[in-house]
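Data from run.cif: mmCIF, C-alpha atoms
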data_protein
loop_
_atom_site.label_atom_id
_atom_site.label_comp_id
_atom_site.auth_asym_id
_atom_site.auth_seq_id
_atom_site.Cartn_x
_atom_site.Cartn_y
_atom_site.Cartn_z
CA MET I 1 115.12 125.72 94.41
CA ALA I 2 114.90 122.33 96.12
CA GLY I 3 113.36 123.86 99.24
CA ARG I 4 110.70 125.63 97.22
CA LEU I 5 109.93 122.52 95.17
CA LYS I 6 109.56 120.37 98.30
CA GLN I 7 106.77 122.66 99.47
CA GLU I 8 104.65 121.32 96.62
CA ARG I 9 102.58 118.13 96.83
CA PRO I 10 104.67 114.96 96.28
CA LEU I 11 102.82 114.02 93.09
CA PHE I 12 103.43 117.50 91.68
CA GLN I 13 107.16 117.15 92.38
CA ILE I 14 107.19 113.84 90.51
CA SER I 15 105.19 115.19 87.57
CA ALA I 16 107.40 118.27 87.35
CA PHE I 17 110.49 116.13 86.89
CA CYS I 18 108.88 113.80 84.38
CA ASN I 19 107.64 116.70 82.26
CA SER I 20 109.21 116.34 78.82
CA ASN I 21 110.31 120.00 78.85
CA TRP I 22 113.29 118.96 80.95
CA VAL I 23 114.71 116.55 78.39
CA ALA I 24 116.61 119.24 76.54
CA ALA I 25 118.49 120.26 79.67
CA GLY I 26 120.43 116.99 79.71
CA ALA I 27 120.86 114.33 82.35
CA GLU I 28 123.76 116.12 84.09
CA ASP I 29 122.10 119.55 84.24
CA SER I 30 122.00 120.78 87.87
CA VAL I 31 118.40 121.94 87.61
CA THR I 32 117.31 118.59 86.22
CA LYS I 33 119.23 116.81 88.98
CA CYS I 34 117.49 118.95 91.57
CA PHE I 35 114.08 118.06 90.16
CA GLU I 36 115.04 114.37 89.96
CA THR I 37 116.24 114.28 93.58
CA CYS I 38 113.06 115.91 94.85
CA ALA I 39 110.92 113.58 92.74
CA ILE I 40 112.64 110.44 94.02
CA GLU I 41 112.36 111.63 97.62
CA ALA I 42 108.66 112.32 97.05
CA VAL I 43 108.09 108.74 95.88
CA GLY I 44 108.35 107.40 99.43
CA SER I 45 105.50 109.50 100.82
CA VAL I 46 103.25 108.71 97.86
CA CYS I 47 103.93 104.98 98.19
CA GLN I 48 102.97 105.08 101.87
CA SER I 49 99.53 106.36 100.89
CA GLN I 50 99.04 103.42 98.48
CA THR I 51 98.57 105.87 95.60
CA SER I 52 99.52 105.04 92.03
CA ILE I 53 102.42 107.09 90.71
CA LEU I 54 103.03 105.61 87.28
CA GLY I 55 99.35 105.77 86.41
CA LYS I 56 99.48 109.56 86.58
CA ILE I 57 102.48 109.96 84.26
CA SER I 58 102.55 109.37 80.51
CA TYR I 59 104.82 106.65 79.18
CA ASN I 60 106.56 109.23 76.98
CA ASP I 61 107.54 111.14 80.12
CA LEU I 62 108.75 107.95 81.77
CA GLN I 63 111.26 107.14 79.03
CA LYS I 64 113.94 109.19 80.78
CA CYS I 65 112.88 108.29 84.32
CA GLY I 66 114.59 104.97 85.01
CA ASN I 67 115.72 106.11 88.45
CA LEU I 68 112.21 107.25 89.30
CA VAL I 69 110.67 103.93 88.21
CA SER I 70 113.33 102.14 90.25
CA ALA I 71 112.39 104.23 93.29
CA VAL I 72 108.73 103.32 92.82
CA ILE I 73 109.69 99.63 92.81
CA THR I 74 112.07 99.68 95.78
CA LYS I 75 110.16 102.10 98.01
CA SER I 76 106.88 100.27 97.48
CA TRP I 77 108.30 96.81 98.14
CA PRO I 78 107.61 95.44 101.65
CA THR I 79 110.53 94.64 103.92
CA SER I 80 111.10 92.32 106.86
CA ARG I 81 114.00 92.86 109.26
CA GLY I 82 115.57 95.29 106.86
CA GLU I 83 115.42 92.95 103.86
CA PHE I 84 113.07 92.95 100.90
CA VAL I 85 110.31 90.35 101.26
CA ASP I 86 110.85 87.49 98.79
CA ASP I 87 108.65 84.65 100.05
CA LEU I 88 105.85 83.46 97.78
CA GLY I 89 102.93 84.57 99.95
CA GLY I 90 104.44 87.93 100.84
CA VAL I 91 105.29 88.83 97.25
CA LEU I 92 101.91 87.64 95.97
CA ASN I 93 100.11 89.79 98.54
CA HIS I 94 102.23 92.77 97.48
CA LEU I 95 101.53 92.24 93.78
CA LEU I 96 97.79 92.03 94.38
CA THR I 97 97.64 95.21 96.47
CA TRP I 98 100.31 97.37 94.80
CA PRO I 99 98.65 100.22 92.84
CA ASP I 100 101.47 100.47 90.27
CA ILE I 101 101.97 96.79 89.47
CA LYS I 102 99.86 96.87 86.29
CA HIS I 103 101.81 99.85 84.96
CA LEU I 104 105.14 98.17 85.73
CA PHE I 105 104.22 94.95 83.93
CA LYS I 106 103.00 97.03 81.01
CA LEU I 107 106.32 98.89 80.91
CA TYR I 108 108.24 95.63 81.09
CA GLY I 109 106.34 94.33 78.12
CA THR I 110 106.57 97.39 75.89
CA ASN I 111 109.37 99.78 76.78
CA GLU I 112 112.97 98.55 76.61
CA GLU I 113 114.32 102.09 76.94
CA ILE I 114 112.96 102.39 80.46
CA LEU I 115 114.21 98.93 81.40
CA ALA I 116 117.73 99.82 80.34
CA ASN I 117 117.79 102.64 82.90
CA ILE I 118 116.29 100.81 85.87
CA THR I 119 118.71 100.11 88.72
CA LYS I 120 120.05 96.64 89.43
CA GLU I 121 117.99 96.48 92.64
CA GLY I 122 114.82 97.44 90.78
CA LYS I 123 115.45 94.81 88.11
CA LYS I 124 116.05 92.17 90.77
CA LEU I 125 112.75 92.92 92.50
CA MET I 126 110.82 92.86 89.24
CA ALA I 127 112.48 89.54 88.40
CA THR I 128 111.21 88.28 91.76
CA ALA I 129 107.73 89.55 90.94
CA ASN I 130 107.79 87.84 87.57
CA SER I 131 109.09 84.59 89.07
CA VAL I 132 106.42 84.52 91.78
CA LEU I 133 103.64 85.26 89.30
CA THR I 134 104.90 82.50 87.00
CA LYS I 135 104.99 80.03 89.90
CA ILE I 136 101.51 81.00 91.08
CA THR I 137 99.94 80.79 87.62
CA ASN I 138 101.54 77.40 86.99
CA ASP I 139 100.19 76.18 90.34
CA LEU I 140 96.76 77.47 89.36
CA ILE I 141 96.82 75.69 86.03
CA ASN I 142 98.15 72.45 87.53
CA GLY I 143 95.76 72.50 90.48
CA THR I 144 98.58 72.54 93.05
CA ILE I 145 98.09 76.05 94.43
CA LEU I 146 97.98 76.50 98.20
CA VAL I 147 94.60 77.35 99.72
CA GLY I 148 95.89 80.58 101.25
CA HIS I 149 97.28 81.77 97.92
CA LEU I 150 94.05 80.90 96.10
CA GLU I 151 91.95 82.75 98.66
CA LEU I 152 94.17 85.81 98.25
CA ILE I 153 93.81 85.67 94.46
CA LEU I 154 90.03 85.34 94.64
CA GLU I 155 89.93 88.33 96.98
CA HIS I 156 91.73 90.42 94.31
CA ILE I 157 90.59 88.54 91.23
CA ASN I 158 90.40 91.49 88.82
CA ARG I 159 93.90 92.71 89.70
CA PHE I 160 95.26 89.19 89.34
CA LEU I 161 93.65 88.71 85.92
CA ASP I 162 95.07 92.03 84.76
CA ILE I 163 98.67 91.25 85.67
CA TRP I 164 98.40 87.64 84.47
CA GLN I 165 97.20 88.95 81.13
CA LEU I 166 100.08 91.42 80.89
CA GLN I 167 102.67 88.81 81.84
CA SER I 168 101.47 86.09 79.50
CA LYS I 169 100.54 88.14 76.44
CA SER I 170 103.27 86.47 74.38
CA SER I 171 101.47 83.12 74.67
CA LEU I 172 98.59 82.63 72.25
CA ILE I 173 96.92 79.99 74.42
CA GLN I 174 97.39 81.51 77.86
CA ASN I 175 96.57 84.94 76.51
CA ARG I 176 92.89 84.06 76.14
CA GLU I 177 90.96 85.86 78.86
CA GLU I 178 88.23 83.20 78.96
CA THR I 179 90.85 80.49 79.61
CA LYS I 180 92.16 82.35 82.65
CA LYS I 181 88.67 82.87 84.01
CA GLU I 182 87.85 79.19 83.46
CA VAL I 183 90.92 78.12 85.43
CA LEU I 184 90.01 80.43 88.30
CA SER I 185 86.43 79.18 88.21
CA TRP I 186 87.63 75.56 88.47
CA ARG I 187 89.89 76.33 91.40
CA LYS I 188 87.16 78.32 93.14
CA ASP I 189 84.77 75.37 92.83
CA GLU I 190 87.46 73.04 94.18
CA LEU I 191 88.05 75.40 97.11
CA LEU I 192 84.35 75.47 97.96
CA THR I 193 84.23 71.67 97.78
CA LEU I 194 87.29 71.41 100.01
CA LYS I 195 85.77 73.74 102.59
CA LYS I 196 82.51 71.77 102.56
CA GLU I 197 84.39 68.50 103.03
CA LYS I 198 86.37 70.03 105.90
CA THR I 199 83.14 71.13 107.56
CA ASP I 200 81.67 67.64 107.11
CA VAL I 201 84.79 65.98 108.56
CA ASP I 202 84.80 68.37 111.54
CA SER I 203 81.15 67.55 112.20
CA LEU I 204 81.87 63.82 111.96
CA LEU I 205 84.79 64.08 114.37
CA LYS I 206 82.63 65.95 116.88
CA LEU I 207 79.94 63.29 116.54
CA CYS I 208 82.52 60.55 117.04
CA GLY I 209 83.71 62.34 120.16
CA ARG I 210 80.21 62.43 121.60
CA VAL I 211 79.63 58.76 120.74
CA LYS I 212 82.93 57.88 122.39
CA ASP I 213 81.85 59.66 125.57
CA VAL I 214 78.49 57.84 125.55
CA ILE I 215 80.16 54.44 125.05
CA LYS I 216 82.73 55.19 127.74
CA GLY I 217 79.96 56.20 130.14
CA GLY I 218 78.04 53.00 129.39
CA ILE I 219 81.08 50.83 130.04
CA LEU I 220 81.76 52.52 133.36
CA LYS I 221 78.16 51.93 134.45
CA ALA I 222 78.39 48.27 133.48
CA LEU I 223 81.52 47.82 135.56
CA LYS I 224 79.93 49.22 138.71
#

For this file, produce the structure as structure tokens.
Amino acid sequence: MAGRLKQERPLFQISAFCNSNWVAAGAEDSVTKCFETCAIEAVGSVCQSQTSILGKISYNDLQKCGNLVSAVITKSWPTSRGEFVDDLGGVLNHLLTWPDIKHLFKLYGTNEEILANITKEGKKLMATANSVLTKITNDLINGTILVGHLELILEHINRFLDIWQLQSKSSLIQNREETKKEVLSWRKDELLTLKKEKTDVDSLLKLCGRVKDVIKGGILKALK
């Protein structure tokens, strides 16, 4: 059965396992296990194509798919030297380019049943994602965000606003969409000002260099 199932497209294998018709068979049923194994193996190839998996499956189907959701998290997460990336910039870049991040934050905010069945590794990575997003949003609000991080956010501004909204929905103040957009607008203006000032300083330094050469040349002539 597994060989025949693996001939199907990866997304079909995943959908077949998540289909609610398999609930009655029980978690230890050999057929269900076969479908689950094929589905989890299929996750890797789908993740490589940067295609959303969770967006194509209903949340009702996902209630029994903790292992599958865990596979989506772990197999999508970037690695460096065999370890999961956990630095601020690397995780932020992943969150802003990961097709399933919105669905995962939505699950984390609404479905405790799925969370209870996610693996320890999956929970750890999502905790990292939540921690990084909290740090980045605090830096945005406080005006202490790094230029590189801000540029990355502005490049993926709609995705960032979506996941910020999902993460902070429990806060009445931060949950206001216009407040988030105002903060980003302020930081964008500051970034443009900073870049203009940098350009002006670079121009001034070049001018000073030319003046220095002229003065040096004049002194040498006077000494001859």

Answer key for the PyMOL selection byres ((chain I and resi 150) around 12), residues as a ChimeraX atom specification: /I:89,92-93,96,136-137,139-141,143-149,151-157,160,183-192

For segment 113-122 of chain I, work out the shell of residues within 9 Å, counting all atoms listed in the file and skipping chain neighbours fewer than 2 positions away, then give it as a short mmCIF file (atom, residue, chain, number, x, y, z; two decimals) with C-alpha atoms, keeping the file's coordinate frame.
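Result went into around06.cif, see below:
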data_model
loop_
_atom_site.label_atom_id
_atom_site.label_comp_id
_atom_site.auth_asym_id
_atom_site.auth_seq_id
_atom_site.Cartn_x
_atom_site.Cartn_y
_atom_site.Cartn_z
CA LEU I 62 108.75 107.95 81.77
CA GLN I 63 111.26 107.14 79.03
CA LYS I 64 113.94 109.19 80.78
CA CYS I 65 112.88 108.29 84.32
CA GLY I 66 114.59 104.97 85.01
CA ASN I 67 115.72 106.11 88.45
CA LEU I 68 112.21 107.25 89.30
CA VAL I 69 110.67 103.93 88.21
CA SER I 70 113.33 102.14 90.25
CA ALA I 71 112.39 104.23 93.29
CA VAL I 72 108.73 103.32 92.82
CA ILE I 73 109.69 99.63 92.81
CA THR I 74 112.07 99.68 95.78
CA LEU I 107 106.32 98.89 80.91
CA TYR I 108 108.24 95.63 81.09
CA ASN I 111 109.37 99.78 76.78
CA LYS I 124 116.05 92.17 90.77
CA LEU I 125 112.75 92.92 92.50
CA MET I 126 110.82 92.86 89.24
CA ALA I 127 112.48 89.54 88.40
#

Atomic separation - atom CA of Lys123 of chain I relative to atom CA of Ala16 of chain I, Å: 24.8 Å

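What separates atom CA of Thr199 of chain I from atom CA of Val211 of chain I is a distance of 18.4 Å.
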
Residue nearest Leu104 of chain I among I:Thr134, I:Ser203, I:Ser52, I:Thr79 (counting only C-alpha atoms):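 Checking each candidate against Leu104 of chain I, we get I:Ser52 as the closest.
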
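The smallest atom-to-atom distance between Lys102 of chain I and any of I:Lys206, I:Arg159, I:Arg81, I:Lys181, using all atoms listed in the file, is found for I:Arg159.
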
Edge lengths and centre in Å to one decimal, as lines of an AutoDock Vina configuration file, of the axis-aligned box that encloses all listed atoms of segment 189-196 of chain I with 8 Å added on every side?
center_x = 85.3
center_y = 73.4
center_z = 97.7
size_x = 21.5
size_y = 20.1
size_z = 25.8

Computed interatomic separation between atom CA of Lys33 of chain I and atom CA of Glu8 of chain I (Å): 17.1 Å

Shortest interatomic distance to His103 of chain I - which of I:Ser49, I:Asp86, I:Asp162, I:Asn130, counting only C-alpha atoms: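 Looking at the shortest contact to His103 of chain I, the residue is I:Asp162.
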
Hits from the PyMOL selection byres ((chain I and resi 47) around 12), listed as a PyMOL selection string: chain I and resi 10-11+40-46+48-54+71-78+97-100
